[in-house]
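J.: Here you go, this is upload_9.pdb (PDB, N, CA, C and O atoms).
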MODEL        1
ATOM      1  N   MET A 151     -61.650  97.060   8.780
ATOM      2  CA  MET A 151     -60.243  96.892   9.037
ATOM      3  C   MET A 151     -59.471  97.219   7.760
ATOM      4  O   MET A 151     -59.913  96.888   6.668
ATOM      5  N   LYS A 152     -58.334  97.871   7.901
ATOM      6  CA  LYS A 152     -57.461  98.164   6.764
ATOM      7  C   LYS A 152     -56.306  97.174   6.773
ATOM      8  O   LYS A 152     -55.628  97.017   7.789
ATOM      9  N   ILE A 153     -56.081  96.523   5.623
ATOM     10  CA  ILE A 153     -55.072  95.462   5.528
ATOM     11  C   ILE A 153     -54.120  95.756   4.381
ATOM     12  O   ILE A 153     -54.560  96.081   3.276
ATOM     13  N   ALA A 154     -52.824  95.613   4.642
ATOM     14  CA  ALA A 154     -51.803  95.683   3.596
ATOM     15  C   ALA A 154     -51.321  94.251   3.363
ATOM     16  O   ALA A 154     -50.778  93.628   4.267
ATOM     17  N   MET A 155     -51.548  93.745   2.170
ATOM     18  CA  MET A 155     -51.146  92.389   1.814
ATOM     19  C   MET A 155     -49.844  92.478   1.025
ATOM     20  O   MET A 155     -49.800  93.142  -0.013
ATOM     21  N   ILE A 156     -48.798  91.857   1.529
ATOM     22  CA  ILE A 156     -47.508  91.875   0.852
ATOM     23  C   ILE A 156     -47.489  90.711  -0.136
ATOM     24  O   ILE A 156     -47.529  89.552   0.260
ATOM     25  N   GLY A 157     -47.451  91.063  -1.414
ATOM     26  CA  GLY A 157     -47.476  90.060  -2.478
ATOM     27  C   GLY A 157     -48.838  90.020  -3.141
ATOM     28  O   GLY A 157     -49.870  90.156  -2.484
ATOM     29  N   ALA A 158     -48.819  89.869  -4.458
ATOM     30  CA  ALA A 158     -50.068  89.793  -5.225
ATOM     31  C   ALA A 158     -50.014  88.574  -6.138
ATOM     32  O   ALA A 158     -50.316  88.639  -7.315
ATOM     33  N   GLY A 159     -49.609  87.456  -5.553
ATOM     34  CA  GLY A 159     -49.509  86.208  -6.306
ATOM     35  C   GLY A 159     -50.549  85.213  -5.816
ATOM     36  O   GLY A 159     -51.637  85.592  -5.399
ATOM     37  N   TYR A 160     -50.181  83.945  -5.858
ATOM     38  CA  TYR A 160     -51.121  82.887  -5.502
ATOM     39  C   TYR A 160     -51.681  83.025  -4.094
ATOM     40  O   TYR A 160     -52.853  82.757  -3.869
ATOM     41  N   VAL A 161     -50.883  83.438  -3.152
ATOM     42  CA  VAL A 161     -51.370  83.573  -1.770
ATOM     43  C   VAL A 161     -51.920  84.967  -1.518
ATOM     44  O   VAL A 161     -53.056  85.128  -1.071
ATOM     45  N   GLY A 162     -51.123  85.994  -1.810
ATOM     46  CA  GLY A 162     -51.511  87.360  -1.476
ATOM     47  C   GLY A 162     -52.736  87.868  -2.212
ATOM     48  O   GLY A 162     -53.625  88.473  -1.610
ATOM     49  N   LEU A 163     -52.800  87.624  -3.520
ATOM     50  CA  LEU A 163     -53.933  88.125  -4.294
ATOM     51  C   LEU A 163     -55.227  87.422  -3.914
ATOM     52  O   LEU A 163     -56.261  88.065  -3.707
ATOM     53  N   VAL A 164     -55.176  86.110  -3.781
ATOM     54  CA  VAL A 164     -56.381  85.360  -3.409
ATOM     55  C   VAL A 164     -56.828  85.734  -2.000
ATOM     56  O   VAL A 164     -58.015  86.010  -1.766
ATOM     57  N   SER A 165     -55.886  85.782  -1.064
ATOM     58  CA  SER A 165     -56.231  86.151   0.311
ATOM     59  C   SER A 165     -56.769  87.578   0.374
ATOM     60  O   SER A 165     -57.766  87.848   1.049
ATOM     61  N   GLY A 166     -56.100  88.496  -0.324
ATOM     62  CA  GLY A 166     -56.541  89.881  -0.327
ATOM     63  C   GLY A 166     -57.932  90.045  -0.918
ATOM     64  O   GLY A 166     -58.762  90.792  -0.384
ATOM     65  N   ALA A 167     -58.199  89.350  -2.016
ATOM     66  CA  ALA A 167     -59.524  89.433  -2.641
ATOM     67  C   ALA A 167     -60.597  88.881  -1.708
ATOM     68  O   ALA A 167     -61.689  89.457  -1.600
ATOM     69  N   CYS A 168     -60.296  87.791  -1.030
ATOM     70  CA  CYS A 168     -61.280  87.202  -0.101
ATOM     71  C   CYS A 168     -61.516  88.112   1.097
ATOM     72  O   CYS A 168     -62.667  88.302   1.511
ATOM     73  N   LEU A 169     -60.452  88.685   1.649
ATOM     74  CA  LEU A 169     -60.619  89.598   2.777
ATOM     75  C   LEU A 169     -61.411  90.839   2.362
ATOM     76  O   LEU A 169     -62.244  91.334   3.127
ATOM     77  N   ALA A 170     -61.161  91.329   1.159
ATOM     78  CA  ALA A 170     -61.939  92.472   0.650
ATOM     79  C   ALA A 170     -63.402  92.089   0.490
ATOM     80  O   ALA A 170     -64.291  92.881   0.788
ATOM     81  N   ASP A 171     -63.653  90.867   0.049
ATOM     82  CA  ASP A 171     -65.029  90.417  -0.124
ATOM     83  C   ASP A 171     -65.761  90.300   1.212
ATOM     84  O   ASP A 171     -66.978  90.414   1.262
ATOM     85  N   PHE A 172     -65.001  90.101   2.292
ATOM     86  CA  PHE A 172     -65.593  90.078   3.633
ATOM     87  C   PHE A 172     -65.895  91.489   4.132
ATOM     88  O   PHE A 172     -66.467  91.659   5.194
ATOM     89  N   GLY A 173     -65.450  92.522   3.362
ATOM     90  CA  GLY A 173     -65.754  93.893   3.722
ATOM     91  C   GLY A 173     -64.573  94.719   4.193
ATOM     92  O   GLY A 173     -64.734  95.894   4.517
ATOM     93  N   HIS A 174     -63.391  94.120   4.246
ATOM     94  CA  HIS A 174     -62.208  94.857   4.681
ATOM     95  C   HIS A 174     -61.633  95.683   3.532
ATOM     96  O   HIS A 174     -61.837  95.370   2.370
ATOM     97  N   SER A 175     -60.885  96.715   3.877
ATOM     98  CA  SER A 175     -60.178  97.533   2.893
ATOM     99  C   SER A 175     -58.776  96.953   2.739
ATOM    100  O   SER A 175     -58.004  96.926   3.695
ATOM    101  N   VAL A 176     -58.441  96.486   1.521
ATOM    102  CA  VAL A 176     -57.187  95.758   1.293
ATOM    103  C   VAL A 176     -56.386  96.424   0.176
ATOM    104  O   VAL A 176     -56.940  96.771  -0.870
ATOM    105  N   VAL A 177     -55.080  96.566   0.415
ATOM    106  CA  VAL A 177     -54.149  96.992  -0.621
ATOM    107  C   VAL A 177     -53.141  95.862  -0.786
ATOM    108  O   VAL A 177     -52.462  95.492   0.178
ATOM    109  N   CYS A 178     -53.058  95.293  -1.993
ATOM    110  CA  CYS A 178     -52.060  94.268  -2.299
ATOM    111  C   CYS A 178     -50.836  94.964  -2.882
ATOM    112  O   CYS A 178     -50.937  95.670  -3.882
ATOM    113  N   ILE A 179     -49.707  94.764  -2.232
ATOM    114  CA  ILE A 179     -48.453  95.389  -2.650
ATOM    115  C   ILE A 179     -47.555  94.316  -3.254
ATOM    116  O   ILE A 179     -47.395  93.239  -2.681
ATOM    117  N   ASP A 180     -46.968  94.629  -4.416
ATOM    118  CA  ASP A 180     -46.029  93.713  -5.049
ATOM    119  C   ASP A 180     -44.925  94.529  -5.696
ATOM    120  O   ASP A 180     -45.183  95.622  -6.216
ATOM    121  N   ARG A 181     -43.719  94.024  -5.676
ATOM    122  CA  ARG A 181     -42.597  94.790  -6.234
ATOM    123  C   ARG A 181     -42.495  94.678  -7.744
ATOM    124  O   ARG A 181     -41.675  95.348  -8.359
ATOM    125  N   ASP A 182     -43.338  93.839  -8.357
ATOM    126  CA  ASP A 182     -43.338  93.659  -9.813
ATOM    127  C   ASP A 182     -44.320  94.650 -10.445
ATOM    128  O   ASP A 182     -45.537  94.449 -10.396
ATOM    129  N   PRO A 183     -43.812  95.726 -11.054
ATOM    130  CA  PRO A 183     -44.717  96.740 -11.611
ATOM    131  C   PRO A 183     -45.575  96.216 -12.761
ATOM    132  O   PRO A 183     -46.694  96.697 -12.958
ATOM    133  N   ASP A 184     -45.095  95.217 -13.499
ATOM    134  CA  ASP A 184     -45.896  94.642 -14.582
ATOM    135  C   ASP A 184     -47.114  93.902 -14.032
ATOM    136  O   ASP A 184     -48.200  93.962 -14.606
ATOM    137  N   LYS A 185     -46.931  93.214 -12.923
ATOM    138  CA  LYS A 185     -48.044  92.500 -12.289
ATOM    139  C   LYS A 185     -49.099  93.492 -11.802
ATOM    140  O   LYS A 185     -50.304  93.294 -12.016
ATOM    141  N   ILE A 186     -48.649  94.573 -11.190
ATOM    142  CA  ILE A 186     -49.580  95.586 -10.690
ATOM    143  C   ILE A 186     -50.294  96.272 -11.849
ATOM    144  O   ILE A 186     -51.504  96.519 -11.789
ATOM    145  N   ALA A 187     -49.575  96.554 -12.928
ATOM    146  CA  ALA A 187     -50.201  97.164 -14.107
ATOM    147  C   ALA A 187     -51.260  96.232 -14.687
ATOM    148  O   ALA A 187     -52.338  96.686 -15.100
ATOM    149  N   SER A 188     -50.985  94.939 -14.722
ATOM    150  CA  SER A 188     -51.973  93.962 -15.206
ATOM    151  C   SER A 188     -53.215  93.969 -14.332
ATOM    152  O   SER A 188     -54.343  93.947 -14.838
ATOM    153  N   LEU A 189     -53.011  94.005 -13.029
ATOM    154  CA  LEU A 189     -54.155  94.025 -12.110
ATOM    155  C   LEU A 189     -54.975  95.300 -12.278
ATOM    156  O   LEU A 189     -56.209  95.247 -12.265
ATOM    157  N   HIS A 190     -54.309  96.432 -12.448
ATOM    158  CA  HIS A 190     -55.042  97.683 -12.687
ATOM    159  C   HIS A 190     -55.847  97.611 -13.984
ATOM    160  O   HIS A 190     -56.907  98.248 -14.091
ATOM    161  N   ALA A 191     -55.354  96.844 -14.952
ATOM    162  CA  ALA A 191     -56.057  96.688 -16.237
ATOM    163  C   ALA A 191     -57.110  95.585 -16.185
ATOM    164  O   ALA A 191     -57.791  95.329 -17.179
ATOM    165  N   GLY A 192     -57.244  94.924 -15.041
ATOM    166  CA  GLY A 192     -58.248  93.872 -14.900
ATOM    167  C   GLY A 192     -57.791  92.500 -15.360
ATOM    168  O   GLY A 192     -58.605  91.590 -15.476
ATOM    169  N   ARG A 193     -56.483  92.330 -15.592
ATOM    170  CA  ARG A 193     -55.948  91.028 -16.013
ATOM    171  C   ARG A 193     -55.307  90.340 -14.816
ATOM    172  O   ARG A 193     -54.487  90.932 -14.124
ATOM    173  N   MET A 194     -55.665  89.095 -14.597
ATOM    174  CA  MET A 194     -55.129  88.343 -13.478
ATOM    175  C   MET A 194     -53.776  87.736 -13.842
ATOM    176  O   MET A 194     -53.628  87.142 -14.909
ATOM    177  N   PRO A 195     -52.778  87.864 -12.945
ATOM    178  CA  PRO A 195     -51.463  87.287 -13.208
ATOM    179  C   PRO A 195     -51.393  85.794 -12.919
ATOM    180  O   PRO A 195     -50.394  85.154 -13.219
ATOM    181  N   ILE A 196     -52.443  85.252 -12.321
ATOM    182  CA  ILE A 196     -52.521  83.833 -11.996
ATOM    183  C   ILE A 196     -53.900  83.323 -12.384
ATOM    184  O   ILE A 196     -54.821  84.116 -12.613
ATOM    185  N   TYR A 197     -54.051  82.003 -12.427
ATOM    186  CA  TYR A 197     -55.370  81.444 -12.701
ATOM    187  C   TYR A 197     -55.913  80.802 -11.433
ATOM    188  O   TYR A 197     -55.270  79.944 -10.819
ATOM    189  N   GLU A 198     -57.063  81.246 -11.063
ATOM    190  CA  GLU A 198     -57.826  80.665  -9.961
ATOM    191  C   GLU A 198     -59.286  80.836 -10.357
ATOM    192  O   GLU A 198     -59.719  81.964 -10.639
ATOM    193  N   PRO A 199     -60.060  79.758 -10.428
ATOM    194  CA  PRO A 199     -61.451  79.876 -10.873
ATOM    195  C   PRO A 199     -62.226  80.926 -10.063
ATOM    196  O   PRO A 199     -62.228  80.909  -8.835
ATOM    197  N   GLY A 200     -62.841  81.869 -10.768
ATOM    198  CA  GLY A 200     -63.669  82.890 -10.144
ATOM    199  C   GLY A 200     -62.912  84.083  -9.597
ATOM    200  O   GLY A 200     -63.523  85.057  -9.146
ATOM    201  N   LEU A 201     -61.584  84.040  -9.632
ATOM    202  CA  LEU A 201     -60.799  85.138  -9.048
ATOM    203  C   LEU A 201     -61.008  86.444  -9.795
ATOM    204  O   LEU A 201     -61.116  87.503  -9.168
ATOM    205  N   ASP A 202     -61.086  86.381 -11.112
ATOM    206  CA  ASP A 202     -61.239  87.616 -11.887
ATOM    207  C   ASP A 202     -62.511  88.364 -11.507
ATOM    208  O   ASP A 202     -62.499  89.580 -11.324
ATOM    209  N   ALA A 203     -63.605  87.650 -11.344
ATOM    210  CA  ALA A 203     -64.872  88.288 -10.957
ATOM    211  C   ALA A 203     -64.809  88.823  -9.524
ATOM    212  O   ALA A 203     -65.306  89.918  -9.241
ATOM    213  N   LEU A 204     -64.188  88.067  -8.630
ATOM    214  CA  LEU A 204     -64.064  88.485  -7.234
ATOM    215  C   LEU A 204     -63.223  89.756  -7.124
ATOM    216  O   LEU A 204     -63.596  90.703  -6.427
ATOM    217  N   VAL A 205     -62.108  89.784  -7.841
ATOM    218  CA  VAL A 205     -61.239  90.960  -7.836
ATOM    219  C   VAL A 205     -61.972  92.157  -8.445
ATOM    220  O   VAL A 205     -61.983  93.254  -7.874
ATOM    221  N   ALA A 206     -62.592  91.958  -9.597
ATOM    222  CA  ALA A 206     -63.277  93.056 -10.283
ATOM    223  C   ALA A 206     -64.365  93.677  -9.399
ATOM    224  O   ALA A 206     -64.478  94.909  -9.320
ATOM    225  N   GLU A 207     -65.148  92.860  -8.745
ATOM    226  CA  GLU A 207     -66.231  93.376  -7.903
ATOM    227  C   GLU A 207     -65.689  94.162  -6.717
ATOM    228  O   GLU A 207     -66.208  95.226  -6.368
ATOM    229  N   ASN A 208     -64.635  93.658  -6.097
ATOM    230  CA  ASN A 208     -64.100  94.348  -4.923
ATOM    231  C   ASN A 208     -63.328  95.611  -5.292
ATOM    232  O   ASN A 208     -63.327  96.569  -4.524
ATOM    233  N   VAL A 209     -62.709  95.642  -6.455
ATOM    234  CA  VAL A 209     -62.104  96.879  -6.944
ATOM    235  C   VAL A 209     -63.209  97.889  -7.216
ATOM    236  O   VAL A 209     -63.119  99.057  -6.828
ATOM    237  N   ARG A 210     -64.286  97.436  -7.866
ATOM    238  CA  ARG A 210     -65.421  98.315  -8.164
ATOM    239  C   ARG A 210     -66.038  98.891  -6.885
ATOM    240  O   ARG A 210     -66.416 100.060  -6.834
ATOM    241  N   GLN A 211     -66.089  98.089  -5.850
ATOM    242  CA  GLN A 211     -66.658  98.528  -4.569
ATOM    243  C   GLN A 211     -65.684  99.395  -3.764
ATOM    244  O   GLN A 211     -66.057  99.930  -2.712
ATOM    245  N   GLY A 212     -64.439  99.506  -4.234
ATOM    246  CA  GLY A 212     -63.453 100.338  -3.538
ATOM    247  C   GLY A 212     -62.803  99.672  -2.343
ATOM    248  O   GLY A 212     -62.179 100.348  -1.520
ATOM    249  N   ARG A 213     -62.946  98.367  -2.235
ATOM    250  CA  ARG A 213     -62.363  97.651  -1.096
ATOM    251  C   ARG A 213     -61.019  97.018  -1.407
ATOM    252  O   ARG A 213     -60.318  96.578  -0.494
ATOM    253  N   LEU A 214     -60.644  96.943  -2.688
ATOM    254  CA  LEU A 214     -59.406  96.284  -3.083
ATOM    255  C   LEU A 214     -58.621  97.191  -4.019
ATOM    256  O   LEU A 214     -59.176  97.708  -4.995
ATOM    257  N   ALA A 215     -57.349  97.381  -3.702
ATOM    258  CA  ALA A 215     -56.467  98.226  -4.517
ATOM    259  C   ALA A 215     -55.110  97.545  -4.634
ATOM    260  O   ALA A 215     -54.809  96.592  -3.902
ATOM    261  N   PHE A 216     -54.278  98.067  -5.534
ATOM    262  CA  PHE A 216     -52.971  97.473  -5.802
ATOM    263  C   PHE A 216     -51.924  98.561  -5.883
ATOM    264  O   PHE A 216     -52.210  99.677  -6.312
ATOM    265  N   GLY A 217     -50.699  98.232  -5.493
ATOM    266  CA  GLY A 217     -49.613  99.189  -5.565
ATOM    267  C   GLY A 217     -48.262  98.502  -5.507
ATOM    268  O   GLY A 217     -48.161  97.292  -5.268
ATOM    269  N   THR A 218     -47.205  99.292  -5.720
ATOM    270  CA  THR A 218     -45.852  98.758  -5.686
ATOM    271  C   THR A 218     -45.050  99.271  -4.489
ATOM    272  O   THR A 218     -43.944  98.821  -4.263
ATOM    273  N   SER A 219     -45.600 100.191  -3.741
ATOM    274  CA  SER A 219     -44.876 100.786  -2.626
ATOM    275  C   SER A 219     -45.568 100.465  -1.317
ATOM    276  O   SER A 219     -46.771 100.697  -1.153
ATOM    277  N   LEU A 220     -44.780  99.973  -0.383
ATOM    278  CA  LEU A 220     -45.339  99.675   0.932
ATOM    279  C   LEU A 220     -45.849 100.947   1.610
ATOM    280  O   LEU A 220     -46.826 100.922   2.344
ATOM    281  N   ARG A 221     -45.242 102.073   1.301
ATOM    282  CA  ARG A 221     -45.706 103.351   1.855
ATOM    283  C   ARG A 221     -47.133 103.664   1.398
ATOM    284  O   ARG A 221     -47.886 104.305   2.124
ATOM    285  N   GLU A 222     -47.491 103.229   0.186
ATOM    286  CA  GLU A 222     -48.855 103.450  -0.315
ATOM    287  C   GLU A 222     -49.888 102.780   0.586
ATOM    288  O   GLU A 222     -50.982 103.286   0.757
ATOM    289  N   ALA A 223     -49.504 101.639   1.088
ATOM    290  CA  ALA A 223     -50.445 100.854   1.905
ATOM    291  C   ALA A 223     -50.619 101.484   3.265
ATOM    292  O   ALA A 223     -51.608 101.294   3.914
TER     293      ALA A 223
ENDMDL
END
Go through the file and emit its structure as structure tokens.
T.:
Amino acid sequence: MKIAMIGAGYVGLVSGACLADFGHSVVCIDRDPDKIASLHAGRMPIYEPGLDALVAENVRQGRLAFGTSLREA
């Protein structure tokens, strides 16, 4: 399943990472370009235990991506 997650904060990023870990293709969209740039660099904008490893693995597997445009999703 392909999923566009609106928001890459406490709800969107965690939910998107978990859905990607279940095997879905997820794009987290956020209007904050600094947040998206941080995620592309592997830095988490929030703290949640284990989130950094979960995000990194799913990005590596090609199941999780980030963007600023809803059209990208």
J.: In Å, how far is it from atom C of Ile179 (chain A) to atom C of Ser165 (chain A)?
T.: 12.0 Å
J.: Which of chain A counts as alpha helix (DSSP H) under DSSP, as a list in words please?
T.: Gly162, Leu163, Val164, Ser165, Gly166, Ala167, Cys168, Leu169, Ala170, Asp171, Pro183, Asp184, Lys185, Ile186, Ala187, Ser188, Leu189, His190, Leu201, Asp202, Ala203, Leu204, Val205, Ala206, Glu207, Asn208, Val209 and Arg210 of chain A
J.: Any chance you can output those residues with N, CA, C and O atoms as an mmCIF file, keeping the file's coordinate frame?
T.:
data_model
loop_
_atom_site.group_PDB
_atom_site.id
_atom_site.type_symbol
_atom_site.label_atom_id
_atom_site.label_comp_id
_atom_site.auth_asym_id
_atom_site.auth_seq_id
_atom_site.Cartn_x
_atom_site.Cartn_y
_atom_site.Cartn_z
ATOM 1 N N GLY A 162 -51.123 85.994 -1.810
ATOM 2 C CA GLY A 162 -51.511 87.360 -1.476
ATOM 3 C C GLY A 162 -52.736 87.868 -2.212
ATOM 4 O O GLY A 162 -53.625 88.473 -1.610
ATOM 5 N N LEU A 163 -52.800 87.624 -3.520
ATOM 6 C CA LEU A 163 -53.933 88.125 -4.294
ATOM 7 C C LEU A 163 -55.227 87.422 -3.914
ATOM 8 O O LEU A 163 -56.261 88.065 -3.707
ATOM 9 N N VAL A 164 -55.176 86.110 -3.781
ATOM 10 C CA VAL A 164 -56.381 85.360 -3.409
ATOM 11 C C VAL A 164 -56.828 85.734 -2.000
ATOM 12 O O VAL A 164 -58.015 86.010 -1.766
ATOM 13 N N SER A 165 -55.886 85.782 -1.064
ATOM 14 C CA SER A 165 -56.231 86.151 0.311
ATOM 15 C C SER A 165 -56.769 87.578 0.374
ATOM 16 O O SER A 165 -57.766 87.848 1.049
ATOM 17 N N GLY A 166 -56.100 88.496 -0.324
ATOM 18 C CA GLY A 166 -56.541 89.881 -0.327
ATOM 19 C C GLY A 166 -57.932 90.045 -0.918
ATOM 20 O O GLY A 166 -58.762 90.792 -0.384
ATOM 21 N N ALA A 167 -58.199 89.350 -2.016
ATOM 22 C CA ALA A 167 -59.524 89.433 -2.641
ATOM 23 C C ALA A 167 -60.597 88.881 -1.708
ATOM 24 O O ALA A 167 -61.689 89.457 -1.600
ATOM 25 N N CYS A 168 -60.296 87.791 -1.030
ATOM 26 C CA CYS A 168 -61.280 87.202 -0.101
ATOM 27 C C CYS A 168 -61.516 88.112 1.097
ATOM 28 O O CYS A 168 -62.667 88.302 1.511
ATOM 29 N N LEU A 169 -60.452 88.685 1.649
ATOM 30 C CA LEU A 169 -60.619 89.598 2.777
ATOM 31 C C LEU A 169 -61.411 90.839 2.362
ATOM 32 O O LEU A 169 -62.244 91.334 3.127
ATOM 33 N N ALA A 170 -61.161 91.329 1.159
ATOM 34 C CA ALA A 170 -61.939 92.472 0.650
ATOM 35 C C ALA A 170 -63.402 92.089 0.490
ATOM 36 O O ALA A 170 -64.291 92.881 0.788
ATOM 37 N N ASP A 171 -63.653 90.867 0.049
ATOM 38 C CA ASP A 171 -65.029 90.417 -0.124
ATOM 39 C C ASP A 171 -65.761 90.300 1.212
ATOM 40 O O ASP A 171 -66.978 90.414 1.262
ATOM 41 N N PRO A 183 -43.812 95.726 -11.054
ATOM 42 C CA PRO A 183 -44.717 96.740 -11.611
ATOM 43 C C PRO A 183 -45.575 96.216 -12.761
ATOM 44 O O PRO A 183 -46.694 96.697 -12.958
ATOM 45 N N ASP A 184 -45.095 95.217 -13.499
ATOM 46 C CA ASP A 184 -45.896 94.642 -14.582
ATOM 47 C C ASP A 184 -47.114 93.902 -14.032
ATOM 48 O O ASP A 184 -48.200 93.962 -14.606
ATOM 49 N N LYS A 185 -46.931 93.214 -12.923
ATOM 50 C CA LYS A 185 -48.044 92.500 -12.289
ATOM 51 C C LYS A 185 -49.099 93.492 -11.802
ATOM 52 O O LYS A 185 -50.304 93.294 -12.016
ATOM 53 N N ILE A 186 -48.649 94.573 -11.190
ATOM 54 C CA ILE A 186 -49.580 95.586 -10.690
ATOM 55 C C ILE A 186 -50.294 96.272 -11.849
ATOM 56 O O ILE A 186 -51.504 96.519 -11.789
ATOM 57 N N ALA A 187 -49.575 96.554 -12.928
ATOM 58 C CA ALA A 187 -50.201 97.164 -14.107
ATOM 59 C C ALA A 187 -51.260 96.232 -14.687
ATOM 60 O O ALA A 187 -52.338 96.686 -15.100
ATOM 61 N N SER A 188 -50.985 94.939 -14.722
ATOM 62 C CA SER A 188 -51.973 93.962 -15.206
ATOM 63 C C SER A 188 -53.215 93.969 -14.332
ATOM 64 O O SER A 188 -54.343 93.947 -14.838
ATOM 65 N N LEU A 189 -53.011 94.005 -13.029
ATOM 66 C CA LEU A 189 -54.155 94.025 -12.110
ATOM 67 C C LEU A 189 -54.975 95.300 -12.278
ATOM 68 O O LEU A 189 -56.209 95.247 -12.265
ATOM 69 N N HIS A 190 -54.309 96.432 -12.448
ATOM 70 C CA HIS A 190 -55.042 97.683 -12.687
ATOM 71 C C HIS A 190 -55.847 97.611 -13.984
ATOM 72 O O HIS A 190 -56.907 98.248 -14.091
ATOM 73 N N LEU A 201 -61.584 84.040 -9.632
ATOM 74 C CA LEU A 201 -60.799 85.138 -9.048
ATOM 75 C C LEU A 201 -61.008 86.444 -9.795
ATOM 76 O O LEU A 201 -61.116 87.503 -9.168
ATOM 77 N N ASP A 202 -61.086 86.381 -11.112
ATOM 78 C CA ASP A 202 -61.239 87.616 -11.887
ATOM 79 C C ASP A 202 -62.511 88.364 -11.507
ATOM 80 O O ASP A 202 -62.499 89.580 -11.324
ATOM 81 N N ALA A 203 -63.605 87.650 -11.344
ATOM 82 C CA ALA A 203 -64.872 88.288 -10.957
ATOM 83 C C ALA A 203 -64.809 88.823 -9.524
ATOM 84 O O ALA A 203 -65.306 89.918 -9.241
ATOM 85 N N LEU A 204 -64.188 88.067 -8.630
ATOM 86 C CA LEU A 204 -64.064 88.485 -7.234
ATOM 87 C C LEU A 204 -63.223 89.756 -7.124
ATOM 88 O O LEU A 204 -63.596 90.703 -6.427
ATOM 89 N N VAL A 205 -62.108 89.784 -7.841
ATOM 90 C CA VAL A 205 -61.239 90.960 -7.836
ATOM 91 C C VAL A 205 -61.972 92.157 -8.445
ATOM 92 O O VAL A 205 -61.983 93.254 -7.874
ATOM 93 N N ALA A 206 -62.592 91.958 -9.597
ATOM 94 C CA ALA A 206 -63.277 93.056 -10.283
ATOM 95 C C ALA A 206 -64.365 93.677 -9.399
ATOM 96 O O ALA A 206 -64.478 94.909 -9.320
ATOM 97 N N GLU A 207 -65.148 92.860 -8.745
ATOM 98 C CA GLU A 207 -66.231 93.376 -7.903
ATOM 99 C C GLU A 207 -65.689 94.162 -6.717
ATOM 100 O O GLU A 207 -66.208 95.226 -6.368
ATOM 101 N N ASN A 208 -64.635 93.658 -6.097
ATOM 102 C CA ASN A 208 -64.100 94.348 -4.923
ATOM 103 C C ASN A 208 -63.328 95.611 -5.292
ATOM 104 O O ASN A 208 -63.327 96.569 -4.524
ATOM 105 N N VAL A 209 -62.709 95.642 -6.455
ATOM 106 C CA VAL A 209 -62.104 96.879 -6.944
ATOM 107 C C VAL A 209 -63.209 97.889 -7.216
ATOM 108 O O VAL A 209 -63.119 99.057 -6.828
ATOM 109 N N ARG A 210 -64.286 97.436 -7.866
ATOM 110 C CA ARG A 210 -65.421 98.315 -8.164
ATOM 111 C C ARG A 210 -66.038 98.891 -6.885
ATOM 112 O O ARG A 210 -66.416 100.060 -6.834
#
J.: For atom O of Gly200 (chain A) and atom C of Ala158 (chain A), determine how far apart the two atoms are, in Å to one decimal place.
T.: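 The value is 14.3 Å.
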J.: Which of these, A:Gly159, A:Ala191, A:Gly212, A:Ala206, has the shortest distance to Gly173 (chain A) once you count all atoms listed in the file?
T.: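 Nearest candidate to Gly173 (chain A) out of A:Gly159, A:Ala191, A:Gly212, A:Ala206: A:Gly212.
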J.: Which one of A:Val161, A:Met155, A:Ala167, A:Ala187 sits closest to Leu201 (chain A) if you count only C-alpha atoms?
T.: A:Ala167
J.: Going by DSSP on the backbone, which bits of chain A are strand (DSSP E or B)? Write them as a list in words, please.
T.: Lys152, Ile153, Ala154, Met155, Ile156, Ser175, Val176, Val177, Cys178, Ile179, Leu214, Ala215, Phe216 and Gly217 of chain A
J.: Quick one: of A:Leu220, A:Ala154, A:Leu163, A:Leu204, who's nearest to Val177 (chain A), counting only N, CA, C and O atoms?
T.: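 Answer, going by the shortest atom-to-atom distance: A:Ala154.
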J.: Using Å and a single decimal, report how far CA of Tyr197 (chain A) sits from atom O of Thr218 (chain A).
T.: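 These two atoms are separated by 22.4 Å.
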J.: Point out the residue among A:Asp202, A:Ile153, A:Glu207, A:His190 with the least atom-to-atom distance to Cys178 (chain A), counting only N, CA, C and O atoms.
T.: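 Closest to Cys178 (chain A), using only N, CA, C and O atoms: A:Ile153.
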J.: With only C-alpha atoms as the atoms that count, which of A:Glu198, A:Ile186, A:Val164, A:Ala203 lies nearest to Phe216 (chain A)?
T.: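 Looking only at the distances to Phe216 (chain A), the closest residue turns out to be A:Ile186.
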J.: From the options A:Val205, A:Val176, A:Leu189, A:Ile196, which residue's atoms come nearest to Ile156 (chain A), counting only C-alpha atoms?
T.: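 Looking only at the distances to Ile156 (chain A), the closest residue turns out to be A:Val176.
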J.: Which residues would end up in the selection if the PyMOL selection byres ((chain A and resi 151) around 5) were applied here, given that I need the answer as a ChimeraX atom specification?
T.: /A:152-153,174-175
